[in-house]
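This is entry_13.cif (mmCIF, C-alpha atoms).
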data_run
loop_
_atom_site.group_PDB
_atom_site.id
_atom_site.type_symbol
_atom_site.label_atom_id
_atom_site.label_comp_id
_atom_site.auth_asym_id
_atom_site.auth_seq_id
_atom_site.Cartn_x
_atom_site.Cartn_y
_atom_site.Cartn_z
ATOM 1 C CA MET B 1 0.000 0.000 0.000
ATOM 2 C CA GLU B 2 1.403 3.349 -1.037
ATOM 3 C CA ASN B 3 2.048 5.786 1.804
ATOM 4 C CA ALA B 4 -0.123 8.883 1.884
ATOM 5 C CA LYS B 5 1.640 11.918 0.486
ATOM 6 C CA GLN B 6 2.786 14.243 3.252
ATOM 7 C CA PRO B 7 2.505 18.027 2.772
ATOM 8 C CA TYR B 8 5.729 19.990 2.383
ATOM 9 C CA GLY B 9 6.237 22.758 4.881
ATOM 10 C CA THR B 10 3.869 21.901 7.720
ATOM 11 C CA VAL B 11 4.730 25.224 9.375
ATOM 12 C CA LEU B 12 2.632 26.888 6.671
ATOM 13 C CA ILE B 13 -0.342 24.773 7.692
ATOM 14 C CA LYS B 14 0.197 25.801 11.318
ATOM 15 C CA ALA B 15 0.440 29.444 10.264
ATOM 16 C CA SER B 16 -2.788 29.080 8.296
ATOM 17 C CA THR B 17 -4.497 27.662 11.388
ATOM 18 C CA ILE B 18 -3.423 30.710 13.402
ATOM 19 C CA LEU B 19 -4.625 33.115 10.700
ATOM 20 C CA ASP B 20 -7.965 31.302 10.473
ATOM 21 C CA PHE B 21 -8.382 31.595 14.246
ATOM 22 C CA LEU B 22 -7.529 35.302 14.323
ATOM 23 C CA SER B 23 -9.815 36.049 11.364
ATOM 24 C CA ALA B 24 -12.764 34.633 13.302
ATOM 25 C CA LYS B 25 -12.158 36.940 16.280
ATOM 26 C CA LYS B 26 -13.262 40.561 16.534
ATOM 27 C CA GLU B 27 -10.768 41.375 19.290
ATOM 28 C CA PRO B 28 -6.966 40.850 19.540
ATOM 29 C CA GLN B 29 -6.035 37.543 21.191
ATOM 30 C CA PRO B 30 -3.341 36.672 23.758
ATOM 31 C CA LEU B 31 -0.649 34.098 23.003
ATOM 32 C CA ASN B 32 -1.923 31.476 25.431
ATOM 33 C CA VAL B 33 -5.410 31.515 23.898
ATOM 34 C CA ILE B 34 -4.038 31.309 20.354
ATOM 35 C CA ALA B 35 -1.849 28.351 21.304
ATOM 36 C CA GLN B 36 -4.666 26.557 23.093
ATOM 37 C CA GLU B 37 -7.257 27.073 20.355
ATOM 38 C CA THR B 38 -4.909 26.040 17.525
ATOM 39 C CA GLY B 39 -3.441 23.011 19.285
ATOM 40 C CA LEU B 40 0.095 24.415 19.320
ATOM 41 C CA THR B 41 2.566 24.890 22.114
ATOM 42 C CA SER B 42 3.074 28.477 23.219
ATOM 43 C CA SER B 43 6.681 28.461 21.986
ATOM 44 C CA THR B 44 5.700 27.190 18.525
ATOM 45 C CA ALA B 45 2.795 29.614 18.259
ATOM 46 C CA LEU B 46 5.042 32.529 19.275
ATOM 47 C CA LYS B 47 7.703 31.671 16.674
ATOM 48 C CA ILE B 48 5.075 31.543 13.939
ATOM 49 C CA LEU B 49 3.391 34.736 15.155
ATOM 50 C CA ASP B 50 6.737 36.555 15.221
ATOM 51 C CA THR B 51 7.352 35.546 11.614
ATOM 52 C CA LEU B 52 3.844 36.537 10.550
ATOM 53 C CA GLN B 53 4.342 39.863 12.286
ATOM 54 C CA MET B 54 7.584 40.468 10.368
ATOM 55 C CA ILE B 55 5.786 40.154 7.026
ATOM 56 C CA GLY B 56 2.753 42.128 8.152
ATOM 57 C CA TYR B 57 0.228 39.300 8.265
ATOM 58 C CA VAL B 58 -0.176 39.723 12.018
ATOM 59 C CA LYS B 59 -0.105 42.820 14.217
ATOM 60 C CA LYS B 60 1.005 42.747 17.869
ATOM 61 C CA HIS B 61 -0.204 45.362 20.311
ATOM 62 C CA PRO B 62 2.824 46.377 22.442
ATOM 63 C CA GLU B 63 0.717 47.369 25.451
ATOM 64 C CA THR B 64 -1.408 44.218 25.745
ATOM 65 C CA LYS B 65 0.897 41.768 23.904
ATOM 66 C CA LYS B 66 -2.166 40.557 22.013
ATOM 67 C CA PHE B 67 -2.280 39.643 18.324
ATOM 68 C CA GLU B 68 -4.667 40.373 15.460
ATOM 69 C CA LEU B 69 -4.584 40.186 11.660
ATOM 70 C CA GLY B 70 -2.234 42.628 9.958
ATOM 71 C CA SER B 71 -2.902 44.992 7.085
ATOM 72 C CA ALA B 72 -0.536 43.242 4.645
ATOM 73 C CA LEU B 73 -3.223 40.647 3.955
ATOM 74 C CA ILE B 74 -5.530 43.326 2.573
ATOM 75 C CA LYS B 75 -3.537 43.872 -0.627
ATOM 76 C CA TYR B 76 -3.801 40.172 -1.498
ATOM 77 C CA ALA B 77 -7.477 39.975 -0.588
ATOM 78 C CA ASN B 78 -8.313 43.104 -2.573
ATOM 79 C CA ARG B 79 -6.396 41.895 -5.613
ATOM 80 C CA TYR B 80 -8.096 38.497 -5.449
ATOM 81 C CA LEU B 81 -11.549 40.029 -5.106
ATOM 82 C CA ALA B 82 -10.902 42.593 -7.839
ATOM 83 C CA ASN B 83 -9.911 39.854 -10.257
ATOM 84 C CA LEU B 84 -13.022 37.772 -9.745
ATOM 85 C CA ASP B 85 -14.912 37.822 -13.023
ATOM 86 C CA ILE B 86 -18.262 37.301 -11.333
ATOM 87 C CA SER B 87 -17.615 40.326 -9.118
ATOM 88 C CA LYS B 88 -16.866 42.524 -12.122
ATOM 89 C CA ILE B 89 -19.713 41.238 -14.260
ATOM 90 C CA SER B 90 -22.365 41.322 -11.554
ATOM 91 C CA TYR B 91 -21.531 44.690 -9.993
ATOM 92 C CA PRO B 92 -23.583 46.984 -12.302
ATOM 93 C CA TYR B 93 -26.646 44.785 -11.897
ATOM 94 C CA LEU B 94 -26.249 44.429 -8.129
ATOM 95 C CA LYS B 95 -25.754 48.184 -7.809
ATOM 96 C CA GLU B 96 -28.958 48.746 -9.770
ATOM 97 C CA LEU B 97 -30.699 46.264 -7.467
ATOM 98 C CA GLN B 98 -29.377 48.037 -4.374
ATOM 99 C CA ILE B 99 -30.571 51.423 -5.634
ATOM 100 C CA ARG B 100 -33.999 50.012 -6.455
ATOM 101 C CA LEU B 101 -34.545 48.266 -3.106
ATOM 102 C CA ASP B 102 -32.243 50.270 -0.818
ATOM 103 C CA GLU B 103 -31.396 47.115 1.108
ATOM 104 C CA THR B 104 -28.077 45.376 1.812
ATOM 105 C CA ILE B 105 -26.836 43.240 -1.090
ATOM 106 C CA HIS B 106 -24.230 40.481 -0.727
ATOM 107 C CA LEU B 107 -22.328 38.628 -3.439
ATOM 108 C CA GLY B 108 -20.685 35.339 -2.554
ATOM 109 C CA ILE B 109 -18.724 32.511 -4.102
ATOM 110 C CA LEU B 110 -18.507 28.855 -3.135
ATOM 111 C CA GLU B 111 -15.413 28.084 -1.057
ATOM 112 C CA GLY B 112 -15.380 24.446 0.009
ATOM 113 C CA ASP B 113 -18.510 23.893 2.104
ATOM 114 C CA GLU B 114 -19.103 27.593 2.749
ATOM 115 C CA ILE B 115 -20.086 30.806 1.022
ATOM 116 C CA LEU B 116 -17.406 33.501 0.959
ATOM 117 C CA THR B 117 -18.701 37.072 0.771
ATOM 118 C CA VAL B 118 -16.759 38.916 -1.940
ATOM 119 C CA ASN B 119 -18.837 42.083 -2.214
ATOM 120 C CA LYS B 120 -21.310 43.983 -0.071
ATOM 121 C CA LEU B 121 -23.441 46.953 -1.095
ATOM 122 C CA GLU B 122 -24.752 48.810 1.921
ATOM 123 C CA THR B 123 -28.261 50.149 2.432
ATOM 124 C CA ASN B 124 -28.859 53.773 3.351
ATOM 125 C CA LYS B 125 -31.376 52.615 5.930
ATOM 126 C CA PRO B 126 -30.411 51.758 9.534
ATOM 127 C CA ILE B 127 -27.641 49.108 9.584
ATOM 128 C CA VAL B 128 -28.936 45.603 10.174
ATOM 129 C CA CYS B 129 -26.255 43.162 9.032
ATOM 130 C CA LEU B 130 -23.640 43.977 11.634
ATOM 131 C CA ASN B 131 -21.906 40.605 11.308
ATOM 132 C CA SER B 132 -21.595 40.634 7.524
ATOM 133 C CA ARG B 133 -18.452 41.818 5.795
ATOM 134 C CA ILE B 134 -16.332 41.094 2.754
ATOM 135 C CA GLY B 135 -14.161 38.058 3.455
ATOM 136 C CA LEU B 136 -16.622 36.449 5.877
ATOM 137 C CA THR B 137 -17.655 32.854 5.236
ATOM 138 C CA LYS B 138 -20.963 31.261 6.211
ATOM 139 C CA PRO B 139 -22.172 27.655 6.151
ATOM 140 C CA LEU B 140 -24.287 26.738 3.148
ATOM 141 C CA TYR B 141 -27.181 25.295 5.154
ATOM 142 C CA CYS B 142 -28.043 28.453 7.123
ATOM 143 C CA SER B 143 -27.614 31.243 4.564
ATOM 144 C CA ALA B 144 -29.811 32.239 1.635
ATOM 145 C CA MET B 145 -26.893 32.252 -0.797
ATOM 146 C CA GLY B 146 -25.683 28.908 0.526
ATOM 147 C CA LYS B 147 -29.051 27.182 0.284
ATOM 148 C CA ALA B 148 -29.531 28.552 -3.237
ATOM 149 C CA VAL B 149 -26.199 26.975 -4.229
ATOM 150 C CA LEU B 150 -26.971 23.705 -2.414
ATOM 151 C CA ALA B 151 -30.340 23.385 -4.130
ATOM 152 C CA GLU B 152 -28.703 23.289 -7.559
ATOM 153 C CA MET B 153 -26.292 20.492 -6.638
ATOM 154 C CA SER B 154 -26.997 16.880 -7.563
ATOM 155 C CA ARG B 155 -28.557 14.492 -5.051
ATOM 156 C CA ASP B 156 -25.212 12.758 -4.597
ATOM 157 C CA GLU B 157 -23.426 16.069 -3.977
ATOM 158 C CA ILE B 158 -26.028 17.117 -1.403
ATOM 159 C CA ALA B 159 -25.825 13.729 0.326
ATOM 160 C CA ALA B 160 -22.028 13.961 0.468
ATOM 161 C CA TYR B 161 -22.296 17.479 1.894
ATOM 162 C CA LEU B 162 -24.665 16.345 4.634
ATOM 163 C CA ASN B 163 -22.283 13.511 5.515
ATOM 164 C CA ARG B 164 -19.389 15.943 5.850
ATOM 165 C CA VAL B 165 -21.013 18.862 7.610
ATOM 166 C CA GLU B 166 -22.610 19.005 11.035
ATOM 167 C CA LEU B 167 -25.707 21.218 11.034
ATOM 168 C CA LYS B 168 -25.023 23.378 14.066
ATOM 169 C CA ALA B 169 -27.544 25.878 15.420
ATOM 170 C CA PHE B 170 -26.534 29.552 15.278
ATOM 171 C CA THR B 171 -29.983 30.851 16.238
ATOM 172 C CA LYS B 172 -33.226 29.277 17.435
ATOM 173 C CA THR B 173 -34.463 29.058 13.826
ATOM 174 C CA THR B 174 -31.356 27.424 12.293
ATOM 175 C CA ILE B 175 -32.296 24.243 10.441
ATOM 176 C CA THR B 176 -30.396 21.324 11.987
ATOM 177 C CA ASP B 177 -32.511 18.440 10.674
ATOM 178 C CA HIS B 178 -31.512 16.804 7.380
ATOM 179 C CA ASP B 179 -35.057 16.060 6.217
ATOM 180 C CA THR B 180 -36.237 19.604 6.924
ATOM 181 C CA LEU B 181 -33.297 21.037 5.014
ATOM 182 C CA LEU B 182 -33.914 18.709 2.062
ATOM 183 C CA GLU B 183 -37.579 19.769 1.961
ATOM 184 C CA GLN B 184 -36.524 23.398 1.901
ATOM 185 C CA LEU B 185 -34.000 22.753 -0.876
ATOM 186 C CA ASN B 186 -36.815 21.215 -2.929
ATOM 187 C CA ASP B 187 -38.821 24.404 -2.361
ATOM 188 C CA VAL B 188 -35.829 26.418 -3.587
ATOM 189 C CA LYS B 189 -35.693 24.353 -6.782
ATOM 190 C CA ARG B 190 -39.372 25.021 -7.423
ATOM 191 C CA SER B 191 -39.379 28.739 -6.602
ATOM 192 C CA GLY B 192 -35.911 29.701 -7.859
ATOM 193 C CA TYR B 193 -34.901 31.495 -4.666
ATOM 194 C CA ALA B 194 -33.814 30.624 -1.116
ATOM 195 C CA VAL B 195 -34.819 32.102 2.243
ATOM 196 C CA ASP B 196 -32.783 32.591 5.403
ATOM 197 C CA ASP B 197 -35.224 33.589 8.138
ATOM 198 C CA SER B 198 -32.883 34.597 10.996
ATOM 199 C CA GLU B 199 -31.055 31.263 10.640
ATOM 200 C CA GLY B 200 -27.526 32.636 10.525
ATOM 201 C CA GLU B 201 -28.082 35.927 12.338
ATOM 202 C CA ASN B 202 -30.939 36.937 14.607
ATOM 203 C CA ASP B 203 -33.552 39.344 13.239
ATOM 204 C CA VAL B 204 -32.165 39.332 9.694
ATOM 205 C CA TYR B 205 -34.227 38.013 6.777
ATOM 206 C CA CYS B 206 -32.415 37.159 3.530
ATOM 207 C CA LEU B 207 -33.541 36.141 0.057
ATOM 208 C CA GLY B 208 -30.901 34.690 -2.277
ATOM 209 C CA VAL B 209 -30.321 33.097 -5.657
ATOM 210 C CA SER B 210 -27.504 31.085 -7.160
ATOM 211 C CA LEU B 211 -25.595 32.104 -10.271
ATOM 212 C CA ARG B 212 -25.193 28.768 -12.030
ATOM 213 C CA MET B 213 -24.910 28.031 -15.723
ATOM 214 C CA ASN B 214 -23.789 25.034 -17.760
ATOM 215 C CA ASN B 215 -23.289 22.950 -14.595
ATOM 216 C CA GLN B 216 -20.901 25.499 -13.110
ATOM 217 C CA THR B 217 -21.619 27.641 -10.060
ATOM 218 C CA TYR B 218 -20.197 31.134 -10.447
ATOM 219 C CA GLY B 219 -21.549 32.497 -7.193
ATOM 220 C CA ALA B 220 -24.724 33.689 -5.516
ATOM 221 C CA PHE B 221 -26.219 36.929 -4.257
ATOM 222 C CA SER B 222 -28.754 37.881 -1.632
ATOM 223 C CA VAL B 223 -30.808 40.761 -0.269
ATOM 224 C CA SER B 224 -30.799 41.201 3.516
ATOM 225 C CA VAL B 225 -33.620 42.954 5.335
ATOM 226 C CA PRO B 226 -34.366 43.384 9.043
ATOM 227 C CA SER B 227 -37.081 40.883 9.972
ATOM 228 C CA TYR B 228 -39.417 43.570 11.297
ATOM 229 C CA ARG B 229 -39.498 45.227 7.852
ATOM 230 C CA ILE B 230 -40.464 42.112 5.882
ATOM 231 C CA THR B 231 -44.072 41.883 4.671
ATOM 232 C CA PRO B 232 -45.600 39.679 1.939
ATOM 233 C CA ILE B 233 -45.653 42.670 -0.419
ATOM 234 C CA ILE B 234 -42.013 43.588 0.249
ATOM 235 C CA LYS B 235 -40.936 39.947 -0.045
ATOM 236 C CA ASP B 236 -42.677 39.616 -3.418
ATOM 237 C CA GLU B 237 -41.030 42.823 -4.650
ATOM 238 C CA ILE B 238 -37.585 41.539 -3.625
ATOM 239 C CA VAL B 239 -38.175 38.106 -5.170
ATOM 240 C CA GLN B 240 -39.175 39.590 -8.518
ATOM 241 C CA ALA B 241 -36.196 41.945 -8.423
ATOM 242 C CA ILE B 242 -33.584 39.304 -7.609
ATOM 243 C CA LEU B 243 -34.923 36.869 -10.214
ATOM 244 C CA LYS B 244 -34.704 39.588 -12.876
ATOM 245 C CA THR B 245 -31.202 40.560 -11.689
ATOM 246 C CA LYS B 246 -30.142 36.910 -11.838
ATOM 247 C CA GLU B 247 -31.435 36.688 -15.405
ATOM 248 C CA ASN B 248 -29.450 39.779 -16.398
ATOM 249 C CA ILE B 249 -26.208 38.568 -14.781
ATOM 250 C CA LEU B 250 -26.463 35.120 -16.373
ATOM 251 C CA ARG B 251 -27.097 36.696 -19.773
ATOM 252 C CA GLU B 252 -23.975 38.819 -19.296
ATOM 253 C CA LEU B 253 -22.004 35.716 -18.318
ATOM 254 C CA GLN B 254 -23.246 33.934 -21.434
ATOM 255 C CA GLN B 255 -22.047 36.813 -23.587
ATOM 256 C CA ASN B 256 -18.604 36.911 -21.973
ATOM 257 C CA TYR B 257 -17.771 33.201 -22.118
ATOM 258 C CA VAL B 258 -17.830 30.437 -24.666
ATOM 259 C CA PHE B 259 -19.132 27.305 -22.945
ATOM 260 C CA ILE B 260 -18.151 23.841 -24.086
#
Go ahead and express the file in the form of C-alpha cells.
Amino acid sequence: MENAKQPYGTVLIKASTILDFLSAKKEPQPLNVIAQETGLTSSTALKILDTLQMIGYVKKHPETKKFELGSALIKYANRYLANLDISKISYPYLKELQIRLDETIHLGILEGDEILTVNKLETNKPIVCLNSRIGLTKPLYCSAMGKAVLAEMSRDEIAAYLNRVELKAFTKTTITDHDTLLEQLNDVKRSGYAVDDSEGENDVYCLGVSLRMNNQTYGAFSVSVPSYRITPIIKDEIVQAILKTKENILRELQQNYVFI
C-alpha cells in the first residue's frame, strides 16, 4: 500500500491555522489563547506569530501583547476580489438592485462547504447586518446564498455534503434536521430562490439566488432585510427583483464566455 503523500512545509499549515483563528475573532487575542485554540505549544505559536508579524500578516499590540490580523493581507485579498470575473460582471446589476430596493446586497462565491462574501453593497437605511463583511464565510445550510447553491447540486453532492457537515444551530431558527433542510432545498428548486429567516443571524431576513450556468456555479447573491421590515408585499417585490437581476447577470455571463 502506497504511503499517503505528506505536505511539504507543515509550518505553513500551522500558520494558516493561526490566521484562520484570528480572522474569526473581533478582538486581539493573547498568546496562550491562540496556542490553546490552535493546538500548538506556546513556543511554537510565538515563533510563527513573530514571523507573521515580520511580514505584516499579524499585528502585535505592544501594550497588551495581544495579536490580530495585519494589514498586509488586505492587498492580497483586494487583488483576489478585484480579479473575480463574477464580481466585475455582476456589480452593475447588483448596484442597480441596491438602488432600487435600498437594502443590503451580498455577493458570494462557493469556497469548500461555505459561502465567501466577496462584495457587499450597503443600504442607506439603519444598519442591520452587523456581522456581515467582505471576506466572511458562512455555512451553506443556514444562509440564503448557501441554500440557493446547495439546491442546484446533484442528489449525490447534497448527500455527500450532509455527511461531511454538522448542522449546528446559530440561532433558534437554524435548520439542523436533514429532512427539513432537504424539503426546503426542494422548495428552492421550485421557486428559484432561497430564504434565510434569521437562521444565521438573529432578526435578519435574507432572500438569495444562485448564479449557475452550464453545470458550473459562479456564485450567488442575496438581499438582507431586518425581519421587522419584511411583509408579503415587500418579499414579493424583492423576489421579482432578484430573479430579474439573476437573469441579467447570467445573460452577461453567457455573452462573456464560450461554454463547451
Quiz item: Hey, what's within 7 Å of stretch 217-219 of chain B if we count all atoms listed in the file and toss same-chain stuff fewer than 3 positions away? As a list in words, please?
Solution: Ile86, Gly108, Ile109, Leu110, Ser210, Leu211, Arg212 and Met213 of chain B
Quiz item: What is the atom CA of B:Asp102-atom CA of B:Lys138 distance in Å, reported with one decimal?
Solution: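 Computing it gives 23.2 Å between the two atoms.
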Quiz item: So which one's closest to B:Val33, B:Phe67, B:Leu253, B:Lys14, B:Val188? Using only C-alpha atoms, please.
Solution: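 That would be B:Phe67, the residue with the smallest distance to B:Val33.
When only C-alpha atoms are used to compute distances to B:Asp187, the closest of the residues B:Leu150, B:Glu252, B:Lys25, B:Lys95 turns out to be B:Leu150.
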Exercise. Can you work out the spacing between atom CA of B:Gly56 and atom CA of B:Leu31 in Å, to one decimal?
Key: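 That distance, rounded to one decimal, is 17.2 Å.
Taking atom CA of B:Tyr228 and atom CA of B:Tyr193 as endpoints, the distance between them is 20.5 Å.
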Practice problem: Identify, on the basis of all atoms listed in the file, every residue whose closest approach to B:Leu182 does not exceed 10 Å; exclude the query and any residue fewer than 5 positions from it along the same chain; express the result as an MDAnalysis selection string. | Solution: chainID B and resid 141 147 150:151 155 158:159 162 177 187:188
Can you write just those residues out, C-alpha atoms, as a short mmCIF file (atom, residue, chain, number, x, y, z; two decimals), in the frame of the given file?
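File written: out.cif
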data_model
loop_
_atom_site.label_atom_id
_atom_site.label_comp_id
_atom_site.auth_asym_id
_atom_site.auth_seq_id
_atom_site.Cartn_x
_atom_site.Cartn_y
_atom_site.Cartn_z
CA TYR B 141 -27.18 25.30 5.15
CA LYS B 147 -29.05 27.18 0.28
CA LEU B 150 -26.97 23.70 -2.41
CA ALA B 151 -30.34 23.38 -4.13
CA ARG B 155 -28.56 14.49 -5.05
CA ILE B 158 -26.03 17.12 -1.40
CA ALA B 159 -25.82 13.73 0.33
CA LEU B 162 -24.66 16.34 4.63
CA ASP B 177 -32.51 18.44 10.67
CA ASP B 187 -38.82 24.40 -2.36
CA VAL B 188 -35.83 26.42 -3.59
#
Write out as a PDB file with C-alpha atoms, in the coordinates of the input the residues lying within 7 Å of B:Thr171, counting all atoms listed in the file and excluding same-chain residues fewer than 5 positions away.
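Final file, selection19.pdb:
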ATOM      1  CA  GLU B 199     -31.055  31.263  10.640  1.00  0.00           C
ATOM      2  CA  GLY B 200     -27.526  32.636  10.525  1.00  0.00           C
ATOM      3  CA  GLU B 201     -28.082  35.927  12.338  1.00  0.00           C
ATOM      4  CA  ASN B 202     -30.939  36.937  14.607  1.00  0.00           C
TER       5      ASN B 202
END
Using only C-alpha atoms, find each residue in stretch 81-170 of chain B having at least one atom no more than 10 Å away from stretch 230-239 of chain B; report its shortest atom-to-atom pair and that distance in Å (one decimal), rows by chain then rising number, as CSV.
residue,atom,partner,partner_atom,distance
B:Leu97,CA,B:Ile238,CA,9.2
B:Arg100,CA,B:Ile238,CA,9.6
B:Leu101,CA,B:Ile238,CA,7.4
B:Glu103,CA,B:Ile238,CA,9.6
Self-check item: Selection result of the PyMOL selection byres ((chain B and resi 27) around 10) on this file, as a count of residues only
Solution: 12
Quiz item: For B:Val204, which residue among B:Gly70, B:Gly39, B:Pro226, B:Gly135 is the nearest when counting all atoms listed in the file?
Solution: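 For B:Val204, the nearest of the candidates is B:Pro226.
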Quiz item: B:Ala15, B:Cys142, B:Leu94, B:Leu52: which is nearest B:Phe170, counting all atoms listed in the file?
Solution: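 That would be B:Cys142, the residue with the smallest distance to B:Phe170.
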Quiz item: the PyMOL selection byres ((chain B and resi 123) around 8) on the file shown: which residues, as JSON, numbers by chain?
Solution: {"B": [98, 102, 103, 104, 105, 121, 122, 124, 125, 126, 127]}
Return as JSON the centre and edge lengths, in Å with one decimal, of the box along x, y and z that encloses every atom of stretch 233-241 of chain B in the file, padded by 5 Å per side.
{"center_x": -40.9, "center_y": 40.8, "center_z": -4.1, "size_x": 19.5, "size_y": 15.5, "size_z": 18.8}
Exercise. Apply the PyMOL selection byres ((chain B and resi 167) around 8) to the displayed file and report the matching residues as a PyMOL selection string.
Key: chain B and resi 141+165-166+168-169+175-177
Hey, can you spit out that residue selection with C-alpha atoms as a compact mmCIF listing (two decimals), in the frame of the given file?
# COMPACT_ATOMS: atom_id res chain seq x y z
CA TYR B 141 -27.18 25.30 5.15
CA VAL B 165 -21.01 18.86 7.61
CA GLU B 166 -22.61 19.00 11.04
CA LYS B 168 -25.02 23.38 14.07
CA ALA B 169 -27.54 25.88 15.42
CA ILE B 175 -32.30 24.24 10.44
CA THR B 176 -30.40 21.32 11.99
CA ASP B 177 -32.51 18.44 10.67
Exercise. Considering only C-alpha atoms, state which residue in the set B:Met145, B:Asn186, B:Lys172, B:Leu40 is at the smallest distance from B:Ile13.
Key: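 Ranked by minimum distance to B:Ile13, first place goes to B:Leu40.
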Practice problem: List every protein, DNA or RNA residue that has at least one atom no more than 10 Å from (3.3, 34.3, 16.4) in the file's coordinates, counting all atoms listed in the file, and write the result as a list in words. | Solution: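 The residues near that point, listed by chain and number, are Ala15, Ile18, Leu19, Leu31, Ile34, Ala35, Ser42, Ser43, Thr44, Ala45, Leu46, Lys47, Ile48, Leu49, Asp50, Thr51, Leu52, Gln53, Met54, Val58, Lys59, Lys60 and Phe67 of chain B.
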Practice problem: Using only C-alpha atoms, pick whichever of B:Asp156, B:Leu107, B:Ser71, B:Ala194 has the shortest atom-to-atom distance to B:Ile134. | Solution: B:Leu107
